>>> print(open('entry.txt').read())   # compact mmCIF, C-alpha atoms and all ligand atoms
# COMPACT_ATOMS: atom_id res chain seq x y z
CA MET A 43 -51.28 -123.89 12.02
CA ARG A 44 -49.42 -120.57 11.84
CA PRO A 45 -51.69 -117.49 12.24
CA SER A 46 -52.42 -115.95 8.85
CA LEU A 47 -50.65 -112.69 7.94
CA GLN A 48 -52.89 -109.65 7.88
CA SER A 49 -52.40 -105.89 7.67
CA SER A 50 -55.42 -105.19 9.89
CA VAL A 51 -57.91 -107.12 12.02
CA ASN A 52 -61.58 -106.16 11.97
CA PHE A 53 -63.69 -107.01 14.98
CA GLU A 54 -66.92 -106.07 16.74
CA PHE A 55 -66.96 -104.43 20.15
CA ALA A 56 -69.85 -102.56 21.73
CA ARG A 57 -71.94 -103.23 18.62
CA LEU A 58 -69.44 -101.27 16.52
CA GLU A 59 -67.00 -102.44 13.85
CA TRP A 60 -63.38 -101.61 14.76
CA ARG A 61 -60.14 -102.09 12.86
CA ALA A 62 -56.95 -102.90 14.79
CA LEU A 63 -53.73 -101.88 13.04
CA PRO A 64 -50.19 -103.33 13.38
CA SER A 65 -48.95 -100.05 14.88
CA GLY A 66 -51.30 -100.47 17.85
CA ALA A 67 -53.76 -97.86 16.57
CA LEU A 68 -57.50 -98.47 16.34
CA PHE A 69 -59.72 -97.15 13.59
CA LEU A 70 -63.47 -96.78 13.99
CA PRO A 71 -64.87 -96.29 10.47
CA ALA A 72 -68.39 -95.33 11.64
CA GLU A 73 -66.96 -92.30 13.46
CA ASP A 74 -64.04 -91.68 11.09
CA LEU A 75 -61.97 -91.87 14.25
CA LEU A 76 -58.37 -92.97 14.85
CA VAL A 77 -57.43 -93.86 18.44
CA VAL A 78 -53.92 -94.31 19.85
CA SER A 79 -52.78 -94.64 23.44
CA ASP A 80 -49.63 -94.20 25.51
CA LEU A 81 -47.30 -92.35 23.16
CA HIS A 82 -45.02 -91.56 26.15
CA LEU A 83 -43.30 -88.91 24.03
CA GLY A 84 -39.94 -87.90 25.49
CA LYS A 85 -39.50 -91.01 27.63
CA SER A 86 -35.87 -91.24 26.43
CA TYR A 87 -35.13 -87.71 27.72
CA SER A 88 -36.75 -88.48 31.03
CA PHE A 89 -34.72 -91.69 31.41
CA ALA A 90 -31.51 -89.90 30.35
CA SER A 91 -32.03 -87.34 33.13
CA ARG A 92 -31.83 -90.29 35.56
CA GLY A 93 -28.79 -91.89 33.88
CA GLN A 94 -30.74 -94.59 31.98
CA LEU A 95 -30.42 -94.75 28.23
CA LEU A 96 -33.12 -95.35 25.63
CA PRO A 97 -32.72 -94.58 21.92
CA PRO A 98 -33.25 -90.80 21.57
CA SER A 99 -34.93 -91.45 18.20
CA GLU A 100 -37.99 -92.48 20.22
CA VAL A 101 -39.87 -89.17 19.67
CA ASP A 102 -39.14 -89.17 15.93
CA LEU A 103 -40.24 -92.79 15.57
CA SER A 104 -43.49 -92.26 17.47
CA LEU A 105 -44.39 -89.01 15.73
CA ASP A 106 -43.50 -90.32 12.26
CA LEU A 107 -45.69 -93.37 12.85
CA LEU A 108 -48.54 -91.19 14.14
CA VAL A 109 -48.37 -88.89 11.10
CA SER A 110 -48.28 -91.95 8.83
CA GLU A 111 -51.34 -93.53 10.50
CA VAL A 112 -53.32 -90.27 10.35
CA ARG A 113 -52.57 -89.86 6.65
CA SER A 114 -53.11 -93.49 5.62
CA SER A 115 -56.36 -93.84 7.59
CA GLN A 116 -57.63 -90.47 6.32
CA ALA A 117 -59.46 -90.22 9.64
CA ALA A 118 -61.26 -86.97 10.39
CA ARG A 119 -60.68 -87.27 14.14
CA LEU A 120 -57.81 -88.43 16.34
CA VAL A 121 -57.93 -89.29 20.03
CA CYS A 122 -54.83 -89.88 22.15
CA LEU A 123 -55.91 -91.96 25.13
CA GLY A 124 -53.48 -90.56 27.67
CA ASP A 125 -49.82 -90.76 28.68
CA SER A 126 -49.07 -88.86 25.50
CA PHE A 127 -46.07 -87.28 27.24
CA HIS A 128 -43.92 -89.22 29.67
CA ASP A 129 -43.28 -86.51 32.28
CA SER A 130 -42.12 -82.92 32.73
CA ALA A 131 -38.47 -83.86 31.99
CA SER A 132 -39.63 -85.32 28.70
CA ILE A 133 -41.32 -82.05 27.76
CA GLU A 134 -38.05 -80.18 28.36
CA GLY A 135 -36.21 -82.54 25.98
CA ILE A 136 -38.69 -82.46 23.11
CA SER A 137 -37.40 -80.16 20.37
CA SER A 138 -39.22 -77.28 18.74
CA SER A 139 -39.35 -79.27 15.49
CA HIS A 140 -41.30 -81.98 17.32
CA PHE A 141 -43.73 -79.36 18.60
CA ASP A 142 -43.98 -78.03 15.03
CA THR A 143 -44.94 -81.55 13.89
CA LEU A 144 -47.60 -81.75 16.60
CA GLU A 145 -48.93 -78.34 15.66
CA SER A 146 -49.09 -79.03 11.94
CA LEU A 147 -50.79 -82.39 12.55
CA SER A 148 -53.29 -80.53 14.76
CA ASP A 149 -54.18 -78.44 11.71
CA GLU A 150 -54.96 -81.59 9.68
CA ILE A 151 -57.26 -83.41 12.06
CA GLU A 152 -59.72 -82.82 14.89
CA TRP A 153 -57.51 -83.95 17.75
CA THR A 154 -58.60 -84.70 21.31
CA TRP A 155 -56.12 -85.37 24.11
CA VAL A 156 -57.37 -87.57 26.95
CA THR A 157 -55.29 -87.21 30.09
CA GLY A 158 -53.41 -90.16 31.57
CA ASN A 159 -51.69 -90.67 34.92
CA HIS A 160 -48.38 -89.55 33.39
CA ASP A 161 -49.55 -86.40 31.71
CA GLU A 162 -52.62 -85.03 33.47
CA GLU A 163 -50.70 -82.07 34.91
CA ILE A 164 -48.55 -81.62 31.79
CA LEU A 165 -51.47 -81.43 29.39
CA LYS A 166 -53.41 -79.01 31.57
CA PHE A 167 -50.64 -76.66 32.56
CA SER A 168 -47.71 -76.79 30.14
CA GLU A 169 -47.34 -73.48 28.37
CA GLN A 170 -45.47 -75.24 25.56
CA LEU A 171 -48.52 -77.12 24.33
CA PRO A 172 -50.68 -75.31 21.80
CA PHE A 173 -53.77 -77.50 22.21
CA LYS A 174 -54.86 -77.02 25.81
CA ASP A 175 -58.44 -76.42 24.73
CA ARG A 176 -58.63 -79.96 23.35
CA VAL A 177 -57.73 -81.75 26.62
CA VAL A 178 -60.40 -83.91 28.32
CA GLY A 179 -60.49 -86.50 31.12
CA SER A 180 -62.45 -88.97 28.96
CA LEU A 181 -64.46 -88.92 25.76
CA PRO A 182 -67.86 -90.59 25.15
CA CYS A 183 -68.26 -92.16 21.73
CA GLY A 184 -71.75 -93.65 21.33
CA GLU A 185 -72.08 -96.34 23.98
CA VAL A 186 -68.31 -96.42 24.52
CA LEU A 187 -66.22 -94.35 26.90
CA LEU A 188 -62.71 -93.62 25.68
CA GLU A 189 -60.43 -93.11 28.68
CA HIS A 190 -56.91 -93.75 29.91
CA GLN A 191 -57.78 -96.44 32.44
CA PRO A 192 -61.01 -97.98 33.75
CA PRO A 193 -62.25 -97.53 37.32
CA SER A 194 -60.82 -100.16 39.67
CA ASP A 195 -63.97 -100.32 41.82
CA ILE A 196 -66.32 -101.60 39.09
CA PRO A 197 -65.88 -105.28 38.14
CA PRO A 198 -65.63 -105.50 34.34
CA ASP A 199 -68.60 -107.88 34.04
CA GLU A 200 -70.80 -105.50 36.10
CA ASP A 201 -69.75 -102.39 34.23
CA PRO A 202 -72.72 -100.52 32.73
CA LEU A 203 -70.41 -98.95 30.14
CA PHE A 204 -68.25 -100.23 27.32
CA ARG A 205 -64.75 -98.86 27.75
CA VAL A 206 -61.71 -98.51 25.48
CA PHE A 207 -58.53 -97.67 27.33
CA GLY A 208 -54.73 -97.98 27.40
CA HIS A 209 -52.52 -97.51 30.46
CA PHE A 210 -51.40 -101.13 30.86
CA HIS A 211 -49.33 -101.47 27.65
CA PRO A 212 -50.36 -105.12 27.14
CA LYS A 213 -47.98 -107.54 25.45
CA MET A 214 -48.03 -111.30 24.99
CA ARG A 215 -45.97 -114.25 23.86
CA ILE A 216 -47.42 -116.76 21.43
CA MET A 217 -46.41 -120.15 20.06
CA LEU A 218 -45.81 -120.38 16.33
CA SER A 219 -45.31 -123.61 14.43
CA GLY A 220 -42.22 -125.77 15.12
CA ASN A 221 -41.89 -124.68 18.77
CA MET A 222 -41.00 -121.12 17.70
CA LYS A 223 -42.29 -118.30 19.88
CA THR A 224 -42.78 -114.61 19.28
CA THR A 225 -43.62 -111.66 21.53
CA GLY A 226 -45.35 -108.40 20.79
CA LYS A 227 -47.71 -105.75 22.02
CA CYS A 228 -51.37 -106.66 21.80
CA PHE A 229 -55.02 -105.71 22.09
CA LEU A 230 -57.23 -107.67 24.43
CA ALA A 231 -60.94 -107.40 25.01
CA SER A 232 -63.70 -108.80 27.15
CA GLU A 233 -67.41 -108.22 26.60
CA LYS A 234 -67.29 -104.69 28.07
CA ARG A 235 -63.66 -103.60 27.98
CA LEU A 236 -61.04 -103.21 25.28
CA CYS A 237 -57.42 -102.52 26.24
CA MET A 238 -55.10 -101.03 23.62
CA PRO A 239 -51.33 -101.48 23.39
CA ALA A 240 -48.91 -98.59 23.81
CA PHE A 241 -48.38 -96.78 20.52
CA GLY A 242 -45.12 -95.08 21.53
CA ALA A 243 -41.73 -96.52 20.60
CA PHE A 244 -39.90 -98.12 23.55
CA ALA A 245 -42.94 -97.52 25.80
CA GLY A 246 -42.49 -100.96 27.39
CA GLY A 247 -45.18 -103.54 28.13
CA LEU A 248 -47.00 -105.61 30.70
CA ASN A 249 -47.68 -109.31 30.10
CA ILE A 250 -51.37 -110.06 29.67
CA GLU A 251 -51.12 -112.56 32.52
CA ASN A 252 -50.38 -109.76 34.99
CA PRO A 253 -53.23 -109.73 37.56
CA ALA A 254 -53.65 -105.95 37.31
CA LEU A 255 -54.36 -106.25 33.61
CA SER A 256 -56.69 -109.23 33.93
CA ALA A 257 -58.60 -107.42 36.69
CA ALA A 258 -59.03 -104.35 34.48
CA VAL A 259 -60.19 -106.24 31.39
CA GLY A 260 -62.11 -109.18 32.85
CA GLN A 261 -62.84 -112.44 31.04
CA THR A 262 -60.81 -112.14 27.83
CA LYS A 263 -62.74 -112.94 24.66
CA MET A 264 -60.29 -111.66 22.05
CA THR A 265 -56.53 -111.19 21.74
CA ILE A 266 -54.78 -109.57 18.79
CA LEU A 267 -50.99 -109.55 18.45
CA CYS A 268 -49.19 -106.66 16.71
CA ARG A 269 -46.06 -107.66 14.79
CA PRO A 270 -45.63 -104.75 12.35
CA PRO A 271 -46.18 -104.84 9.41
CA ASN A 272 -48.55 -107.67 10.36
CA ILE A 273 -51.24 -108.22 12.93
CA TYR A 274 -52.88 -111.48 14.02
CA ARG A 275 -55.99 -112.54 15.87
CA VAL A 276 -54.61 -115.13 18.31
CA ASP A 277 -56.33 -118.29 19.54
CA PRO A 278 -56.13 -118.54 23.35
CA ASP A 279 -54.35 -121.91 23.13
CA ARG A 280 -51.45 -120.25 21.31
CA ILE A 281 -50.67 -117.87 24.16
CA VAL A 282 -47.56 -118.89 26.12
CA ARG A 283 -48.54 -118.92 29.78
CA ASN A 284 -45.95 -118.33 32.48
FE FE B 301 -48.64 -95.49 29.77
>>> encode(input="entry.txt", output="structure tokens")
Amino acid sequence: MRPSLQSSVNFEFARLEWRALPSGALFLPAEDLLVVSDLHLGKSYSFASRGQLLPPSEVDLSLDLLVSEVRSSQAARLVCLGDSFHDSASIEGISSSHFDTLESLSDEIEWTWVTGNHDEEILKFSEQLPFKDRVVGSLPCGEVLLEHQPPSDIPPDEDPLFRVFGHFHPKMRIMLSGNMKTTGKCFLASEKRLCMPAFGAFAGGLNIENPALSAAVGQTKMTILCRPPNIYRVDPDRIVRN
């Protein structure tokens, strides 16, 4: 049977009700909180500086989608879970109108920037960013820690904390009816850990079968595939294994 079309998937994690959206954003109604991860803004400029080409519309696409999700969710708070900017070359390429968009969105919502491995230095030290006072290494939210990536020295099933993180940009391939297959970015969760997909356009992805991703998440209990404008909860037997 083909997975049913949905515009959001509600699920429970850490005794909280979450809503996964086709864009790869998460909404937590109890906290009026919207979470996105891995925008990688300016990745196209960074690649161009090394002679590799990505569509330069990447920043517009990511920011337009972010503005749209903030407005449609009507969330009071926004958290970016790290790797919001790709690198220092990406910052140089981002236009003043993009910074204006970031600044005006900052006026609409309580916005916290969690640092990731790509942007820790950028977020702390770039003079171009107007929101340095809203930068943190991680953010507790009830029993959940929102962070860029989980510690590698704590096995997921022995972790005393629930964690929501990005970093790995998970994607998966699933079997539809009639031998058709489709691929997309995805959420995956175990009992204690929930990994979000990359929100940014052209941010790339890592197959959920990659050992680094399985080690970070642990025993997977839920997979959700994003195929905008739809999103599906996926049965494990539909996942195409390599
Ligand atoms: Fe990333």
>>> closest_residue(input="entry.txt", among="A:Val186, A:Ile273, A:Leu181, A:Val259", to="A:Gly226", atoms="all atoms listed in the file")
A:Ile273
>>> residues_near_ligand(input="entry.txt", ligand="ligand FE 301 (chain B)", cutoff="8 Å", atoms="only C-alpha atoms and all ligand atoms", output="PyMOL selection string")
chain A and resi 79-82+124-126+128+158-160+208-211+240+245
>>> write_last_selection(input="entry.txt", atoms="C-alpha atoms", output="tab-separated table (two decimals), keeping the file's coordinate frame")
chain	number	residue	atom	x	y	z
A	79	SER	CA	-52.78	-94.64	23.44
A	80	ASP	CA	-49.63	-94.20	25.51
A	81	LEU	CA	-47.30	-92.35	23.16
A	82	HIS	CA	-45.02	-91.56	26.15
A	124	GLY	CA	-53.48	-90.56	27.67
A	125	ASP	CA	-49.82	-90.76	28.68
A	126	SER	CA	-49.07	-88.86	25.50
A	128	HIS	CA	-43.92	-89.22	29.67
A	158	GLY	CA	-53.41	-90.16	31.57
A	159	ASN	CA	-51.69	-90.67	34.92
A	160	HIS	CA	-48.38	-89.55	33.39
A	208	GLY	CA	-54.73	-97.98	27.40
A	209	HIS	CA	-52.52	-97.51	30.46
A	210	PHE	CA	-51.40	-101.13	30.86
A	211	HIS	CA	-49.33	-101.47	27.65
A	240	ALA	CA	-48.91	-98.59	23.81
A	245	ALA	CA	-42.94	-97.52	25.80
>>> closest_residue(input="entry.txt", among="A:Ala131, A:Leu103, A:Ala56, A:Leu70", to="A:Lys234", atoms="all atoms listed in the file")
A:Ala56
>>> atom_distance(input="entry.txt", atom1="atom CA of A:Arg235", atom2="atom CA of A:Thr265")
12.1 Å
>>> closest_residue(input="entry.txt", among="A:Leu187, A:Ala231, A:Met264, A:Leu105", to="A:Pro202", atoms="only C-alpha atoms")
A:Leu187
>>> residues_around(input="entry.txt", residues="A:Arg113", least_positions_apart="4", cutoff="12 Å", atoms="all atoms listed in the file", output="number ranges by chain")
A: 76, 106-109, 117-120, 147, 150-151
>>> write_last_selection(input="entry.txt", atoms="C-alpha atoms", output="short mmCIF file (atom, residue, chain, number, x, y, z; two decimals), in the frame of the given file")
data_model
loop_
_atom_site.label_atom_id
_atom_site.label_comp_id
_atom_site.auth_asym_id
_atom_site.auth_seq_id
_atom_site.Cartn_x
_atom_site.Cartn_y
_atom_site.Cartn_z
CA LEU A 76 -58.37 -92.97 14.85
CA ASP A 106 -43.50 -90.32 12.26
CA LEU A 107 -45.69 -93.37 12.85
CA LEU A 108 -48.54 -91.19 14.14
CA VAL A 109 -48.37 -88.89 11.10
CA ALA A 117 -59.46 -90.22 9.64
CA ALA A 118 -61.26 -86.97 10.39
CA ARG A 119 -60.68 -87.27 14.14
CA LEU A 120 -57.81 -88.43 16.34
CA LEU A 147 -50.79 -82.39 12.55
CA GLU A 150 -54.96 -81.59 9.68
CA ILE A 151 -57.26 -83.41 12.06
#
>>> residues_around(input="entry.txt", residues="A:Ile164", least_positions_apart="5", cutoff="9 Å", atoms="all atoms listed in the file", output="VMD selection string")
chain A and resid 127 129 to 130 133 157 169 171
>>> closest_residue(input="entry.txt", among="A:Val282, A:Val77, A:Ala257, A:Leu58", to="A:Pro197", atoms="all atoms listed in the file")
A:Ala257
>>> atom_distance(input="entry.txt", atom1="atom CA of A:Leu96", atom2="atom CA of A:Gly247")
14.8 Å
>>> closest_residue(input="entry.txt", among="A:Leu203, A:Ile250, A:Leu83, A:Val156", to="A:Ser180", atoms="only C-alpha atoms")
A:Val156
>>> atom_distance(input="entry.txt", atom1="atom CA of A:Ile216", atom2="atom CA of A:Leu188")
28.1 Å
>>> closest_residue(input="entry.txt", among="A:Ser194, A:Leu165, A:Gln48, A:Arg176", to="A:Ala254", atoms="all atoms listed in the file")
A:Ser194
>>> residues_near_point(input="entry.txt", point="(-43.4, -105.6, 28.9)", cutoff="8 Å", atoms="only C-alpha atoms", output="PyMOL selection string")
chain A and resi 211-213+246-249
>>> residues_near_point(input="entry.txt", point="(-64.5, -103.8, 15.5)", cutoff="12 Å", atoms="only C-alpha atoms", output="PyMOL selection string")
chain A and resi 50-63+68-73+206+229+231+236+264+266
>>> residues_around(input="entry.txt", residues="A:Phe173", least_positions_apart="2", cutoff="12 Å", atoms="all atoms listed in the file", output="list in words")
Phe141, Leu144, Glu145, Ser146, Leu147, Ser148, Asp149, Glu152, Trp153, Thr154, Trp155, Val156, Ile164, Leu165, Lys166, Phe167, Ser168, Glu169, Gln170, Leu171, Asp175, Arg176, Val177 and Val178 of chain A
>>> residues_around(input="entry.txt", residues="A:Thr225", least_positions_apart="2", cutoff="7 Å", atoms="only C-alpha atoms", output="CSV table (one decimal) with C-alpha atoms, in the frame of the given file")
chain,number,residue,atom,x,y,z
A,214,MET,CA,-48.0,-111.3,25.0
A,215,ARG,CA,-46.0,-114.2,23.9
A,216,ILE,CA,-47.4,-116.8,21.4
A,223,LYS,CA,-42.3,-118.3,19.9
>>> decode(input="entry.txt", residues="stretch 232-271 of chain A", atoms="N, CA and C atoms", output="mmCIF file, in the first residue's frame")
data_model
loop_
_atom_site.group_PDB
_atom_site.id
_atom_site.type_symbol
_atom_site.label_atom_id
_atom_site.label_comp_id
_atom_site.auth_asym_id
_atom_site.auth_seq_id
_atom_site.Cartn_x
_atom_site.Cartn_y
_atom_site.Cartn_z
ATOM 1 N N SER A 232 15.143 7.362 17.617
ATOM 2 C CA SER A 232 15.159 6.212 18.510
ATOM 3 C C SER A 232 14.419 6.654 19.778
ATOM 4 N N GLU A 233 14.537 5.863 20.824
ATOM 5 C CA GLU A 233 13.870 6.211 22.080
ATOM 6 C C GLU A 233 14.372 7.557 22.620
ATOM 7 N N LYS A 234 15.680 7.806 22.531
ATOM 8 C CA LYS A 234 16.285 8.972 23.171
ATOM 9 C C LYS A 234 16.736 10.063 22.211
ATOM 10 N N ARG A 235 16.842 9.745 20.927
ATOM 11 C CA ARG A 235 17.444 10.716 20.008
ATOM 12 C C ARG A 235 16.612 10.907 18.743
ATOM 13 N N LEU A 236 16.499 12.152 18.354
ATOM 14 C CA LEU A 236 15.742 12.514 17.154
ATOM 15 C C LEU A 236 16.643 13.338 16.239
ATOM 16 N N CYS A 237 16.897 12.825 15.039
ATOM 17 C CA CYS A 237 17.753 13.526 14.087
ATOM 18 C C CYS A 237 16.888 14.185 13.020
ATOM 19 N N MET A 238 17.144 15.472 12.794
ATOM 20 C CA MET A 238 16.371 16.245 11.819
ATOM 21 C C MET A 238 17.094 16.300 10.484
ATOM 22 N N PRO A 239 16.344 16.460 9.390
ATOM 23 C CA PRO A 239 16.994 16.652 8.091
ATOM 24 C C PRO A 239 17.537 18.074 7.959
ATOM 25 N N ALA A 240 18.366 18.278 6.943
ATOM 26 C CA ALA A 240 18.843 19.634 6.649
ATOM 27 C C ALA A 240 17.690 20.434 6.051
ATOM 28 N N PHE A 241 17.527 21.651 6.544
ATOM 29 C CA PHE A 241 16.470 22.534 6.044
ATOM 30 C C PHE A 241 16.926 23.280 4.789
ATOM 31 N N GLY A 242 18.215 23.551 4.679
ATOM 32 C CA GLY A 242 18.734 24.381 3.595
ATOM 33 C C GLY A 242 18.632 23.718 2.224
ATOM 34 N N ALA A 243 18.379 24.557 1.205
ATOM 35 C CA ALA A 243 18.318 24.047 -0.163
ATOM 36 C C ALA A 243 19.708 23.590 -0.597
ATOM 37 N N PHE A 244 19.783 22.485 -1.273
ATOM 38 C CA PHE A 244 21.045 21.915 -1.795
ATOM 39 C C PHE A 244 22.073 21.636 -0.684
ATOM 40 N N ALA A 245 21.579 21.355 0.524
ATOM 41 C CA ALA A 245 22.511 21.094 1.635
ATOM 42 C C ALA A 245 23.111 19.697 1.555
ATOM 43 N N GLY A 246 22.561 18.828 0.706
ATOM 44 C CA GLY A 246 23.096 17.476 0.575
ATOM 45 C C GLY A 246 22.543 16.559 1.660
ATOM 46 N N GLY A 247 22.885 15.268 1.580
ATOM 47 C CA GLY A 247 22.337 14.328 2.556
ATOM 48 C C GLY A 247 23.179 13.090 2.725
ATOM 49 N N LEU A 248 22.925 12.409 3.836
ATOM 50 C CA LEU A 248 23.637 11.182 4.182
ATOM 51 C C LEU A 248 22.594 10.080 4.346
ATOM 52 N N ASN A 249 22.805 8.949 3.647
ATOM 53 C CA ASN A 249 21.828 7.864 3.727
ATOM 54 C C ASN A 249 21.705 7.354 5.159
ATOM 55 N N ILE A 250 20.487 7.024 5.551
ATOM 56 C CA ILE A 250 20.268 6.597 6.943
ATOM 57 C C ILE A 250 20.996 5.304 7.290
ATOM 58 N N GLU A 251 21.472 4.599 6.268
ATOM 59 C CA GLU A 251 22.232 3.375 6.540
ATOM 60 C C GLU A 251 23.690 3.661 6.875
ATOM 61 N N ASN A 252 24.118 4.904 6.726
ATOM 62 C CA ASN A 252 25.510 5.238 7.036
ATOM 63 C C ASN A 252 25.793 4.932 8.514
ATOM 64 N N PRO A 253 26.895 4.216 8.807
ATOM 65 C CA PRO A 253 27.167 3.818 10.198
ATOM 66 C C PRO A 253 27.276 4.998 11.157
ATOM 67 N N ALA A 254 27.780 6.130 10.683
ATOM 68 C CA ALA A 254 27.921 7.296 11.569
ATOM 69 C C ALA A 254 26.553 7.780 12.048
ATOM 70 N N LEU A 255 25.597 7.713 11.154
ATOM 71 C CA LEU A 255 24.244 8.160 11.494
ATOM 72 C C LEU A 255 23.562 7.150 12.414
ATOM 73 N N SER A 256 23.696 5.858 12.085
ATOM 74 C CA SER A 256 23.074 4.855 12.966
ATOM 75 C C SER A 256 23.683 4.897 14.351
ATOM 76 N N ALA A 257 25.004 5.141 14.434
ATOM 77 C CA ALA A 257 25.659 5.197 15.751
ATOM 78 C C ALA A 257 25.153 6.387 16.550
ATOM 79 N N ALA A 258 24.857 7.477 15.880
ATOM 80 C CA ALA A 258 24.402 8.686 16.581
ATOM 81 C C ALA A 258 22.968 8.561 17.057
ATOM 82 N N VAL A 259 22.129 7.869 16.282
ATOM 83 C CA VAL A 259 20.703 7.789 16.626
ATOM 84 C C VAL A 259 20.391 6.569 17.483
ATOM 85 N N GLY A 260 21.037 5.441 17.194
ATOM 86 C CA GLY A 260 20.708 4.208 17.914
ATOM 87 C C GLY A 260 19.600 3.447 17.208
ATOM 88 N N GLN A 261 18.955 2.567 17.962
ATOM 89 C CA GLN A 261 17.904 1.697 17.405
ATOM 90 C C GLN A 261 16.717 2.535 16.906
ATOM 91 N N THR A 262 16.580 2.603 15.574
ATOM 92 C CA THR A 262 15.552 3.478 14.999
ATOM 93 C C THR A 262 14.155 2.939 15.267
ATOM 94 N N LYS A 263 13.295 3.845 15.764
ATOM 95 C CA LYS A 263 11.906 3.455 16.040
ATOM 96 C C LYS A 263 10.931 4.181 15.117
ATOM 97 N N MET A 264 11.406 5.243 14.455
ATOM 98 C CA MET A 264 10.495 6.008 13.596
ATOM 99 C C MET A 264 11.272 6.656 12.457
ATOM 100 N N THR A 265 10.723 6.568 11.253
ATOM 101 C CA THR A 265 11.308 7.280 10.110
ATOM 102 C C THR A 265 10.189 8.038 9.401
ATOM 103 N N ILE A 266 10.492 9.259 9.040
ATOM 104 C CA ILE A 266 9.516 10.132 8.366
ATOM 105 C C ILE A 266 10.195 10.728 7.141
ATOM 106 N N LEU A 267 9.591 10.518 5.980
ATOM 107 C CA LEU A 267 10.175 11.003 4.721
ATOM 108 C C LEU A 267 9.532 12.328 4.312
ATOM 109 N N CYS A 268 10.364 13.310 3.956
ATOM 110 C CA CYS A 268 9.874 14.608 3.482
ATOM 111 C C CYS A 268 9.870 14.605 1.951
ATOM 112 N N ARG A 269 8.718 14.797 1.365
ATOM 113 C CA ARG A 269 8.613 14.964 -0.089
ATOM 114 C C ARG A 269 7.685 16.154 -0.306
ATOM 115 N N PRO A 270 8.200 17.391 -0.087
ATOM 116 C CA PRO A 270 7.322 18.566 -0.152
ATOM 117 C C PRO A 270 6.466 18.554 -1.429
ATOM 118 N N PRO A 271 5.166 18.843 -1.352
ATOM 119 C CA PRO A 271 4.445 19.382 -0.182
ATOM 120 C C PRO A 271 3.923 18.301 0.759
#
